[in-house]
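For reference, run_22.csv is printed below; it contains CSV, C-alpha atoms and all ligand atoms.
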chain,number,residue,atom,x,y,z
M,1,MET,CA,110.9,106.7,81.1
M,2,LYS,CA,113.7,109.1,82.1
M,3,GLU,CA,111.1,111.5,83.5
M,4,LEU,CA,110.3,109.0,86.2
M,5,PHE,CA,113.9,109.1,87.5
M,6,PRO,CA,114.9,112.4,89.2
M,7,ILE,CA,118.6,111.8,88.5
M,8,PHE,CA,118.1,112.6,84.9
M,9,LYS,CA,116.4,115.9,85.7
M,10,ASN,CA,119.5,116.9,87.7
M,11,ASN,CA,121.9,115.5,85.2
M,12,SER,CA,120.3,116.2,81.8
M,13,ASP,CA,123.3,115.1,79.7
M,14,LEU,CA,123.9,111.9,81.6
M,15,VAL,CA,123.9,108.7,79.5
M,16,PHE,CA,123.7,106.1,82.1
M,17,LEU,CA,124.8,102.7,80.8
M,18,ASP,CA,125.9,101.0,84.1
M,19,SER,CA,122.7,99.6,85.4
M,20,ALA,CA,124.3,96.2,85.9
M,21,ALA,CA,126.4,97.8,88.7
M,22,SER,CA,123.5,99.6,90.2
M,23,ALA,CA,120.3,100.9,88.7
M,24,GLN,CA,118.9,104.5,89.1
M,25,LYS,CA,115.9,105.0,91.4
M,26,PRO,CA,112.4,106.2,90.3
M,27,ALA,CA,110.8,109.0,92.2
M,28,ILE,CA,108.2,106.7,93.7
M,29,VAL,CA,110.9,104.7,95.5
M,30,ILE,CA,112.6,107.8,96.8
M,31,GLU,CA,109.2,109.2,97.9
M,32,SER,CA,108.1,106.0,99.6
M,33,MET,CA,111.3,105.9,101.7
M,34,ASN,CA,110.9,109.6,102.5
M,35,LYS,CA,107.3,109.0,103.5
M,36,VAL,CA,108.3,106.4,106.1
M,37,MET,CA,111.0,108.6,107.6
M,38,THR,CA,108.9,111.8,107.7
M,39,ASN,CA,105.6,110.2,108.9
M,40,TYR,CA,105.9,107.2,111.1
M,41,TYR,CA,109.4,105.7,111.2
M,42,SER,CA,110.2,103.6,114.3
M,43,ASN,CA,111.9,100.3,115.1
M,44,ILE,CA,109.8,97.3,114.1
M,45,HIS,CA,108.3,94.2,115.8
M,46,ARG,CA,108.8,95.6,119.3
M,47,GLY,CA,106.9,98.8,119.9
M,48,LEU,CA,103.3,98.8,121.1
M,49,TYR,CA,102.7,102.3,119.9
M,50,LYS,CA,101.1,103.3,116.6
M,51,GLN,CA,104.2,104.3,114.7
M,52,SER,CA,106.0,101.1,115.4
M,53,GLN,CA,103.1,99.1,114.4
M,54,GLN,CA,102.7,101.1,111.2
M,55,THR,CA,106.4,100.6,110.4
M,56,THR,CA,106.2,96.9,111.1
M,57,GLU,CA,103.2,96.6,108.8
M,58,ALA,CA,105.0,98.4,106.0
M,59,TYR,CA,108.1,96.2,106.5
M,60,GLU,CA,106.1,92.9,106.4
M,61,GLU,CA,104.1,94.2,103.5
M,62,ALA,CA,107.4,94.6,101.6
M,63,ARG,CA,108.2,91.0,102.4
M,64,ALA,CA,104.8,89.9,101.0
M,65,LYS,CA,105.5,91.9,97.8
M,66,VAL,CA,108.9,90.2,97.4
M,67,ALA,CA,107.3,86.8,98.1
M,68,SER,CA,104.6,87.3,95.5
M,69,PHE,CA,107.1,88.7,93.0
M,70,ILE,CA,109.1,85.4,93.0
M,71,ASN,CA,106.2,83.1,93.8
M,72,ALA,CA,107.4,82.2,97.3
M,73,ASN,CA,105.8,82.0,100.7
M,74,GLU,CA,106.4,85.0,103.0
M,75,ASN,CA,108.3,82.7,105.5
M,76,GLU,CA,110.7,81.9,102.7
M,77,VAL,CA,111.8,85.5,102.1
M,78,VAL,CA,114.7,86.7,104.3
M,79,PHE,CA,115.9,90.3,104.1
M,80,THR,CA,119.7,90.6,103.9
M,81,ARG,CA,122.0,93.5,103.0
M,82,GLY,CA,122.4,92.2,99.4
M,83,ALA,CA,123.1,89.2,97.3
M,84,THR,CA,126.6,89.0,98.7
M,85,GLU,CA,125.3,88.6,102.2
M,86,SER,CA,122.6,86.2,101.0
M,87,ILE,CA,125.3,83.9,99.5
M,88,ASN,CA,127.5,84.2,102.5
M,89,LEU,CA,124.6,83.3,104.8
M,90,VAL,CA,123.9,80.1,102.8
M,91,VAL,CA,127.6,79.1,102.6
M,92,SER,CA,128.2,79.8,106.2
M,93,SER,CA,125.1,78.4,107.7
M,94,TRP,CA,123.9,75.6,105.3
M,95,GLY,CA,127.5,74.8,104.2
M,96,ARG,CA,129.0,74.4,107.7
M,97,ALA,CA,126.0,72.3,108.8
M,98,ASN,CA,125.8,70.0,105.8
M,99,LEU,CA,129.3,69.7,104.2
M,100,LYS,CA,132.3,67.7,105.2
M,101,LYS,CA,135.8,67.0,103.8
M,102,ASP,CA,135.8,65.9,100.2
M,103,ASP,CA,132.2,66.9,99.5
M,104,GLU,CA,131.9,68.7,96.2
M,105,VAL,CA,130.3,72.1,95.4
M,106,ILE,CA,129.9,73.0,91.7
M,107,ILE,CA,130.0,76.6,90.5
M,108,SER,CA,130.5,78.0,87.0
M,109,ILE,CA,133.2,80.0,85.3
M,110,PHE,CA,130.6,82.8,85.0
M,111,GLU,CA,130.3,83.5,88.7
M,112,HIS,CA,130.7,86.8,90.4
M,113,HIS,CA,133.4,86.8,93.2
M,114,ALA,CA,130.5,86.8,95.7
M,115,ASN,CA,129.6,83.3,94.5
M,116,ILE,CA,133.2,82.0,94.5
M,117,VAL,CA,135.1,83.4,97.5
M,118,PRO,CA,132.7,82.2,100.3
M,119,TRP,CA,133.1,78.7,98.9
M,120,GLN,CA,136.9,79.0,98.9
M,121,ILE,CA,136.7,79.9,102.6
M,122,LEU,CA,134.8,76.7,103.2
M,123,GLU,CA,137.3,74.8,101.0
M,124,LYS,CA,140.1,75.9,103.3
M,125,GLU,CA,138.1,75.4,106.5
M,126,LEU,CA,136.4,72.0,105.8
M,127,GLY,CA,138.4,70.5,102.9
M,128,ILE,CA,135.5,70.6,100.5
M,129,LYS,CA,136.2,70.6,96.7
M,130,ILE,CA,135.1,73.3,94.3
M,131,LYS,CA,134.4,72.2,90.7
M,132,VAL,CA,133.9,74.7,88.0
M,133,ILE,CA,131.6,74.3,84.9
M,134,PRO,CA,133.8,75.5,82.0
M,135,LEU,CA,132.9,77.2,78.8
M,136,LYS,CA,131.5,74.9,76.1
M,137,ASN,CA,133.9,76.1,73.3
M,138,LYS,CA,137.3,77.8,73.2
M,139,PHE,CA,136.6,81.5,73.5
M,140,THR,CA,136.6,83.5,70.3
M,141,PRO,CA,135.6,87.2,70.2
M,142,ASN,CA,132.5,88.0,68.3
M,143,GLU,CA,131.0,84.6,68.8
M,144,ASP,CA,128.4,83.1,71.3
M,145,ILE,CA,129.5,81.9,74.7
M,146,GLU,CA,127.8,79.3,76.8
M,147,LEU,CA,128.5,77.0,79.7
M,148,ASP,CA,129.3,73.3,79.0
M,149,PHE,CA,126.3,71.4,80.2
M,150,GLU,CA,127.8,68.0,79.2
M,151,ALA,CA,130.9,68.8,81.3
M,152,PHE,CA,128.6,69.7,84.2
M,153,LYS,CA,126.8,66.3,83.9
M,154,SER,CA,130.1,64.5,83.8
M,155,MET,CA,131.5,66.2,86.9
M,156,ILE,CA,128.6,65.1,89.2
M,157,THR,CA,129.6,62.3,91.6
M,158,PRO,CA,128.0,60.9,94.7
M,159,LYS,CA,130.0,63.5,96.7
M,160,THR,CA,128.4,66.4,94.9
M,161,LYS,CA,126.2,68.2,97.4
M,162,PHE,CA,125.6,71.7,96.0
M,163,LEU,CA,125.3,73.7,92.8
M,164,SER,CA,125.7,77.4,93.1
M,165,LEU,CA,125.0,79.0,89.7
M,166,THR,CA,124.2,82.4,88.2
M,167,ARG,CA,121.3,83.0,85.9
M,168,MET,CA,123.0,85.8,84.0
M,169,SER,CA,126.7,86.6,83.8
M,170,ASN,CA,127.2,90.1,85.2
M,171,ALA,CA,130.4,90.5,83.2
M,172,LEU,CA,129.1,89.5,79.8
M,173,GLY,CA,125.3,89.4,80.1
M,174,THR,CA,125.1,85.7,78.9
M,175,ILE,CA,122.0,83.9,80.1
M,176,VAL,CA,122.4,80.4,81.6
M,177,ASP,CA,119.7,77.9,80.9
M,178,ILE,CA,119.3,77.2,84.6
M,179,GLU,CA,116.2,75.1,84.2
M,180,LYS,CA,118.3,72.4,82.5
M,181,PHE,CA,121.1,72.6,85.2
M,182,ILE,CA,118.6,72.5,88.1
M,183,ALA,CA,116.7,69.5,86.6
M,184,GLU,CA,120.0,67.6,86.3
M,185,ALA,CA,121.1,68.6,89.8
M,186,LYS,CA,117.8,67.4,91.2
M,187,LYS,CA,118.2,64.0,89.7
M,188,HIS,CA,121.2,63.6,92.0
M,189,ASN,CA,119.6,65.2,95.0
M,190,ILE,CA,121.9,68.2,94.8
M,191,THR,CA,120.9,71.4,96.7
M,192,VAL,CA,120.8,74.4,94.3
M,193,LEU,CA,121.3,78.1,94.8
M,194,ILE,CA,120.6,80.5,91.9
M,195,ASP,CA,122.2,83.9,91.8
M,196,ALA,CA,119.5,86.0,90.2
M,197,CYS,CA,121.2,89.3,90.9
M,198,GLN,CA,121.4,90.4,87.2
M,199,SER,CA,118.4,88.5,85.8
M,200,ILE,CA,115.7,89.5,88.3
M,201,VAL,CA,115.2,92.9,86.7
M,202,HIS,CA,114.9,91.6,83.2
M,203,GLU,CA,112.6,88.6,83.5
M,204,LYS,CA,109.9,87.0,85.6
M,205,THR,CA,111.3,84.7,88.3
M,206,ASN,CA,109.2,81.9,89.7
M,207,VAL,CA,111.1,79.9,92.4
M,208,LYS,CA,108.4,77.2,92.5
M,209,GLU,CA,108.7,76.5,88.8
M,210,LEU,CA,112.5,76.6,88.9
M,211,ASN,CA,112.5,74.3,91.9
M,212,CYS,CA,115.7,75.8,93.2
M,213,ASP,CA,116.4,75.6,97.0
M,214,PHE,CA,117.8,79.1,97.3
M,215,LEU,CA,117.7,82.2,95.2
M,216,VAL,CA,119.4,85.5,95.9
M,217,PHE,CA,119.3,89.1,94.6
M,218,SER,CA,120.0,92.7,95.6
M,219,GLY,CA,117.5,95.6,95.8
M,220,HIS,CA,119.7,98.1,94.2
M,221,LYS,CA,119.8,96.5,90.7
M,222,LEU,CA,116.0,96.3,90.7
M,223,TYR,CA,115.5,100.1,90.9
M,224,GLY,CA,115.3,99.8,94.7
M,225,PRO,CA,117.7,101.1,97.4
M,226,SER,CA,121.1,99.7,98.3
M,227,GLY,CA,121.7,98.0,101.6
M,228,ILE,CA,118.8,95.6,101.1
M,229,GLY,CA,118.8,92.2,99.5
M,230,VAL,CA,116.8,88.9,99.5
M,231,LEU,CA,117.5,85.3,100.3
M,232,TYR,CA,114.8,83.0,99.2
M,233,GLY,CA,115.0,79.5,100.7
M,234,LYS,CA,112.6,76.6,100.8
M,235,GLU,CA,111.0,76.9,104.2
M,236,GLU,CA,112.0,73.4,105.5
M,237,ILE,CA,115.6,74.0,104.5
M,238,LEU,CA,115.8,77.5,106.1
M,239,ASN,CA,114.3,76.1,109.3
M,240,SER,CA,116.8,73.3,109.4
M,241,MET,CA,119.7,75.8,109.2
M,242,PRO,CA,121.6,77.2,112.2
M,243,PRO,CA,121.5,81.0,112.6
M,244,TYR,CA,124.0,83.0,110.7
M,245,GLN,CA,124.2,86.0,113.1
M,246,THR,CA,122.6,86.3,116.5
M,247,GLY,CA,120.8,89.0,118.5
M,248,GLY,CA,117.6,91.0,118.2
M,249,ASP,CA,114.4,89.6,116.7
M,250,MET,CA,115.9,86.2,115.7
M,251,ILE,CA,115.8,85.2,119.4
M,252,GLU,CA,112.9,83.4,121.0
M,253,LYS,CA,114.2,83.1,124.5
M,254,VAL,CA,117.6,83.7,126.2
M,255,SER,CA,118.4,82.1,129.6
M,256,LEU,CA,121.7,82.1,131.2
M,257,LYS,CA,120.7,78.8,132.9
M,258,THR,CA,119.1,76.9,130.0
M,259,GLY,CA,120.6,78.6,126.9
M,260,THR,CA,119.0,80.3,124.0
M,261,THR,CA,116.3,79.3,121.5
M,262,PHE,CA,115.7,80.9,118.1
M,263,HIS,CA,112.7,81.8,116.0
M,264,LYS,CA,111.9,80.1,112.7
M,265,SER,CA,112.5,81.7,109.3
M,266,PRO,CA,112.5,84.6,108.3
M,267,ALA,CA,113.1,86.1,111.8
M,268,ARG,CA,115.8,83.4,112.4
M,269,PHE,CA,118.1,85.1,109.9
M,270,GLU,CA,117.3,88.8,110.5
M,271,ALA,CA,119.5,89.5,113.5
M,272,GLY,CA,119.6,93.1,114.9
M,273,THR,CA,117.7,96.0,113.5
M,274,PRO,CA,117.2,95.3,109.8
M,275,ALA,CA,117.3,97.8,106.9
M,276,ILE,CA,113.7,98.8,107.6
M,277,VAL,CA,113.3,101.8,105.3
M,278,GLU,CA,115.3,100.1,102.5
M,279,ALA,CA,113.1,97.0,102.7
M,280,ILE,CA,110.0,99.2,102.3
M,281,GLY,CA,111.8,101.0,99.4
M,282,LEU,CA,112.4,97.6,97.8
M,283,GLY,CA,108.7,96.8,98.1
M,284,THR,CA,107.9,100.0,96.2
M,285,ALA,CA,110.5,99.2,93.6
M,286,ILE,CA,108.7,95.9,93.1
M,287,ASP,CA,105.4,97.7,92.7
M,288,PHE,CA,107.2,99.9,90.1
M,289,VAL,CA,108.5,96.9,88.1
M,290,ASN,CA,105.1,95.2,88.3
M,291,SER,CA,103.5,98.2,86.8
M,292,LEU,CA,105.6,97.9,83.6
M,293,ASN,CA,104.9,95.7,80.6
M,294,ARG,CA,108.0,93.6,81.4
M,295,GLU,CA,108.1,91.7,78.0
M,296,GLU,CA,108.0,95.0,76.2
M,297,VAL,CA,110.7,96.6,78.3
M,298,PHE,CA,113.0,93.5,77.9
M,299,TYR,CA,112.4,93.5,74.1
M,300,LYS,CA,113.4,97.2,73.9
M,301,GLU,CA,116.5,96.7,76.1
M,302,LYS,CA,117.5,93.8,73.8
M,303,GLU,CA,117.0,95.8,70.7
M,304,LEU,CA,119.2,98.6,72.0
M,305,ALA,CA,121.9,96.1,73.0
M,306,ASN,CA,121.8,94.6,69.5
M,307,ARG,CA,122.4,98.0,68.1
M,308,ILE,CA,125.4,98.5,70.3
M,309,LYS,CA,126.8,95.2,69.1
M,310,GLU,CA,126.8,96.5,65.6
M,311,ILE,CA,129.2,99.4,66.4
M,312,GLU,CA,132.3,99.0,64.1
M,313,GLY,CA,135.8,98.3,65.5
M,314,ILE,CA,134.9,96.6,68.8
M,315,ASP,CA,135.1,92.9,69.7
M,316,ILE,CA,132.0,91.7,71.4
M,317,ILE,CA,132.7,89.2,74.2
M,318,GLY,CA,129.7,86.8,74.0
M,319,THR,CA,127.5,87.8,71.1
M,320,ASN,CA,124.5,86.0,72.6
M,321,SER,CA,124.2,88.4,75.6
M,322,GLU,CA,120.9,90.2,75.8
M,323,THR,CA,120.9,93.4,77.9
M,324,ILE,CA,124.6,93.8,78.5
M,325,VAL,CA,127.3,94.3,75.9
M,326,SER,CA,130.8,93.6,77.0
M,327,PHE,CA,133.6,94.4,74.5
M,328,THR,CA,137.3,94.9,74.0
M,329,ALA,CA,139.1,96.8,71.3
M,330,ASN,CA,142.5,96.3,69.7
M,331,TRP,CA,142.9,100.1,69.6
M,332,GLY,CA,142.4,100.9,73.3
M,333,ALA,CA,142.5,99.6,76.8
M,334,PRO,CA,139.1,99.2,78.6
M,335,ASP,CA,140.0,101.8,81.3
M,336,ASP,CA,141.1,104.4,78.7
M,337,ILE,CA,137.9,103.9,76.7
M,338,ALA,CA,135.7,104.2,79.8
M,339,THR,CA,137.6,107.3,80.9
M,340,LEU,CA,137.1,109.0,77.5
M,341,LEU,CA,133.4,108.0,77.6
M,342,ALA,CA,133.1,109.4,81.2
M,343,ASN,CA,134.6,112.7,79.8
M,344,GLN,CA,131.6,112.8,77.5
M,345,ASN,CA,129.2,112.1,80.4
M,346,ILE,CA,128.6,108.5,79.5
M,347,ALA,CA,128.7,106.1,82.4
M,348,VAL,CA,129.9,102.6,81.6
M,349,ARG,CA,132.0,100.1,83.6
M,350,ALA,CA,135.6,98.9,82.7
M,351,GLY,CA,137.6,96.2,84.3
M,352,HIS,CA,137.1,92.6,85.5
M,353,HIS,CA,133.6,93.2,86.9
M,354,CYS,CA,134.3,91.1,90.0
M,355,ALA,CA,134.7,88.1,87.7
M,356,MET,CA,138.5,87.7,87.5
M,357,PRO,CA,138.4,83.9,86.9
M,358,LEU,CA,136.2,84.5,83.8
M,359,MET,CA,138.6,87.2,82.6
M,360,GLU,CA,141.5,84.8,83.1
M,361,GLU,CA,139.7,82.1,81.1
M,362,LEU,CA,138.9,84.6,78.3
M,363,GLY,CA,142.6,85.8,78.3
M,364,VAL,CA,141.7,89.5,78.7
M,365,SER,CA,142.5,91.8,81.6
M,366,GLY,CA,139.1,93.3,81.4
M,367,THR,CA,136.3,94.6,79.2
M,368,VAL,CA,134.2,97.6,78.7
M,369,ARG,CA,130.7,96.8,79.9
M,370,ILE,CA,127.6,98.6,78.7
M,371,SER,CA,124.5,97.6,80.6
M,372,LEU,CA,121.0,98.7,79.8
M,373,GLY,CA,118.1,99.8,82.0
M,374,ILE,CA,114.5,100.8,81.5
M,375,TYR,CA,115.4,104.5,81.1
M,376,ASN,CA,117.8,104.0,78.1
M,377,ASP,CA,116.6,105.1,74.7
M,378,GLU,CA,117.7,105.4,71.1
M,379,LYS,CA,119.3,108.8,71.8
M,380,ASP,CA,121.6,107.1,74.4
M,381,ILE,CA,122.6,104.6,71.7
M,382,GLU,CA,123.3,107.3,69.2
M,383,LYS,CA,125.5,109.1,71.8
M,384,ILE,CA,127.5,106.0,72.6
M,385,GLU,CA,128.0,105.1,68.9
M,386,GLU,CA,129.4,108.6,68.3
M,387,ALA,CA,131.4,108.6,71.5
M,388,ILE,CA,133.1,105.2,70.7
M,389,LYS,CA,134.0,106.6,67.2
M,390,LYS,CA,135.7,109.6,69.0
M,391,CYS,CA,137.5,107.2,71.4
M,392,PHE,CA,138.8,105.3,68.3
M,393,ASN,CA,140.0,108.5,66.7
M,394,ILE,CA,141.8,109.6,69.9
M,395,LEU,CA,143.3,106.2,70.9
M,396,SER,CA,144.2,104.5,67.6
F,1,LIG,C1,125.7,88.2,89.4
F,1,LIG,C2,126.0,88.9,90.7
F,1,LIG,N1,126.1,88.3,91.9
F,1,LIG,C3,126.3,88.9,93.0
F,1,LIG,C4,126.5,90.3,93.1
F,1,LIG,C5,126.8,90.9,94.4
F,1,LIG,O1,125.7,91.8,94.6
F,1,LIG,P1,125.8,92.9,95.8
F,1,LIG,O2,127.1,93.7,95.6
F,1,LIG,O3,124.6,93.8,95.6
F,1,LIG,O4,125.8,92.2,97.1
F,1,LIG,C6,126.5,91.0,91.9
F,1,LIG,C7,126.8,92.5,91.9
F,1,LIG,O5,127.3,93.0,90.9
F,1,LIG,C8,126.2,90.3,90.7
F,1,LIG,O6,126.2,91.0,89.5

Hey, can you dump this file as structure tokens for me?
Ligand SMILES: Cc1ncc(COP(=O)(O)O)c(C=O)c1O
Amino acid sequence: MKELFPIFKNNSDLVFLDSAASAQKPAIVIESMNKVMTNYYSNIHRGLYKQSQQTTEAYEEARAKVASFINANENEVVFTRGATESINLVVSSWGRANLKKDDEVIISIFEHHANIVPWQILEKELGIKIKVIPLKNKFTPNEDIELDFEAFKSMITPKTKFLSLTRMSNALGTIVDIEKFIAEAKKHNITVLIDACQSIVHEKTNVKELNCDFLVFSGHKLYGPSGIGVLYGKEEILNSMPPYQTGGDMIEKVSLKTGTTFHKSPARFEAGTPAIVEAIGLGTAIDFVNSLNREEVFYKEKELANRIKEIEGIDIIGTNSETIVSFTANWGAPDDIATLLANQNIAVRAGHHCAMPLMEELGVSGTVRISLGIYNDEKDIEKIEEAIKKCFNILS
């Protein structure tokens, strides 16, 4: 697989184990973006000339690819800058329109800051309450970790209006059984957002089967470009929401006498000139992912992760993770280990992974996170095994 990714041609020794932060790009994604810019690039939706129409077609085709990838309708797919903007859009638009003082929003202890802080802003502004699904058991290294579903059930009250939950912890790789959480939320008429930022690349996602109201992800973790993300929302919900930003194609009519009217979704939430080339690149990344045997790829990534978990002398944080291995070591700080690995041309991530509340709960300042992508192979695993042994010899 490495041969499909030009970065490895130009960095032949690179062992890239940081795909959860951002994945590398296959040549076809890079070429498709180049093709737009070198052949017909223009602004979309407005021009009557051939190049503008061609670019508009390619942009809308990318939307259709995203829609079919997650089993949504095209009007339910809004292009954003990334998962962070998608969540901010929902909190800001849906939240301000539908929540009032003392209403409750439930998140989990696994959430990325992008799914915590926007809610905290609303807590300050409107006086809503944030409730947090805790871990099921007291944390012990080298054991499984999961969210406490019974605690979630017991925290629901008539004031609970929203559940905003990740499918996969970006810090640990733990998978959340979201089907169970969504079904329970729906019994109580709670609106649900799923953060699929980490999971979307590893598994098939079907928003209709999930029956979530919103789902968000970023292009750059799916072998696509940065600067582009997706907000899926049920059409009737999106069309009931006020605009998030204004200007450009989201406007139907502006009058200084009678005021302004707005288009329906998706244009309603795509103010200004969008990330045109990036959206088209994301469409190609989806073609790329669709061309893979996804079960086989996932199985291989899981096998490689299991091998990493067997490395001696490290404490695995959440042994039930699948494509990410997060660990600490009593002989070295995460930053020191990651720096020594970087010196050996091995890219991993160290720190809190934008999940400080989770780190606080686990009682660690940070972890070393190894995250796998489609290009990783047995050789990479041998290299990281050797490199961790070296770190141990230097630091202990
Ligand atoms: C679970 C999760 N949610 C949200 C985000 C934010 O994504 P982005 O930075 O692409 O907006 C990330 C990024 O690491 C993530 O892993």

>> Show me, as a list in words, the residues that have an atom within 9 Å of Asp336 in chain M when counting only C-alpha atoms, minus same-chain residues fewer than 4 positions from it.
In response: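 My reading of the contact set: Gly332, Leu340, Leu341, Ala350, Cys391 and Leu395 of chain M.
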
> Nearest to ligand LIG 1 (chain F) among M:Phe162, M:Phe217, M:Phe69, M:Trp331, with distances taken over only C-alpha atoms and all ligand atoms: which residue is it?
Replying inline: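 Among the listed residues, the smallest separation from ligand LIG 1 (chain F) belongs to M:Phe217.
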
> Suppose you want the space between CA of Ile30 in chain M and CA of Ala285 in chain M; what is it in Å?
Replying inline: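 Answer for the CA of Ile30 in chain M to CA of Ala285 in chain M separation: 9.4 Å.
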
>> For ligand LIG 1 (chain F), return the neighbouring residues as a ChimeraX atom specification (distance at most 7 Å; only C-alpha atoms and all ligand atoms).
In response: /M:20-21,82-85,111-112,114-115,166,168-170,195-198,217-218,220

> Residues at most 10 Å from Leu238 in chain M, counting only C-alpha atoms, excluding those fewer than 5 positions away in the same chain, as a PyMOL selection string?
Replying inline: chain M and resi 75-78+90+93-94+213-214+231-233+243+264-266+268-269

> For Pro357 in chain M, which residue among M:Pro134, M:Gly227, M:Gly173, M:Gly259 is the nearest when counting all atoms listed in the file?
Replying inline: M:Pro134
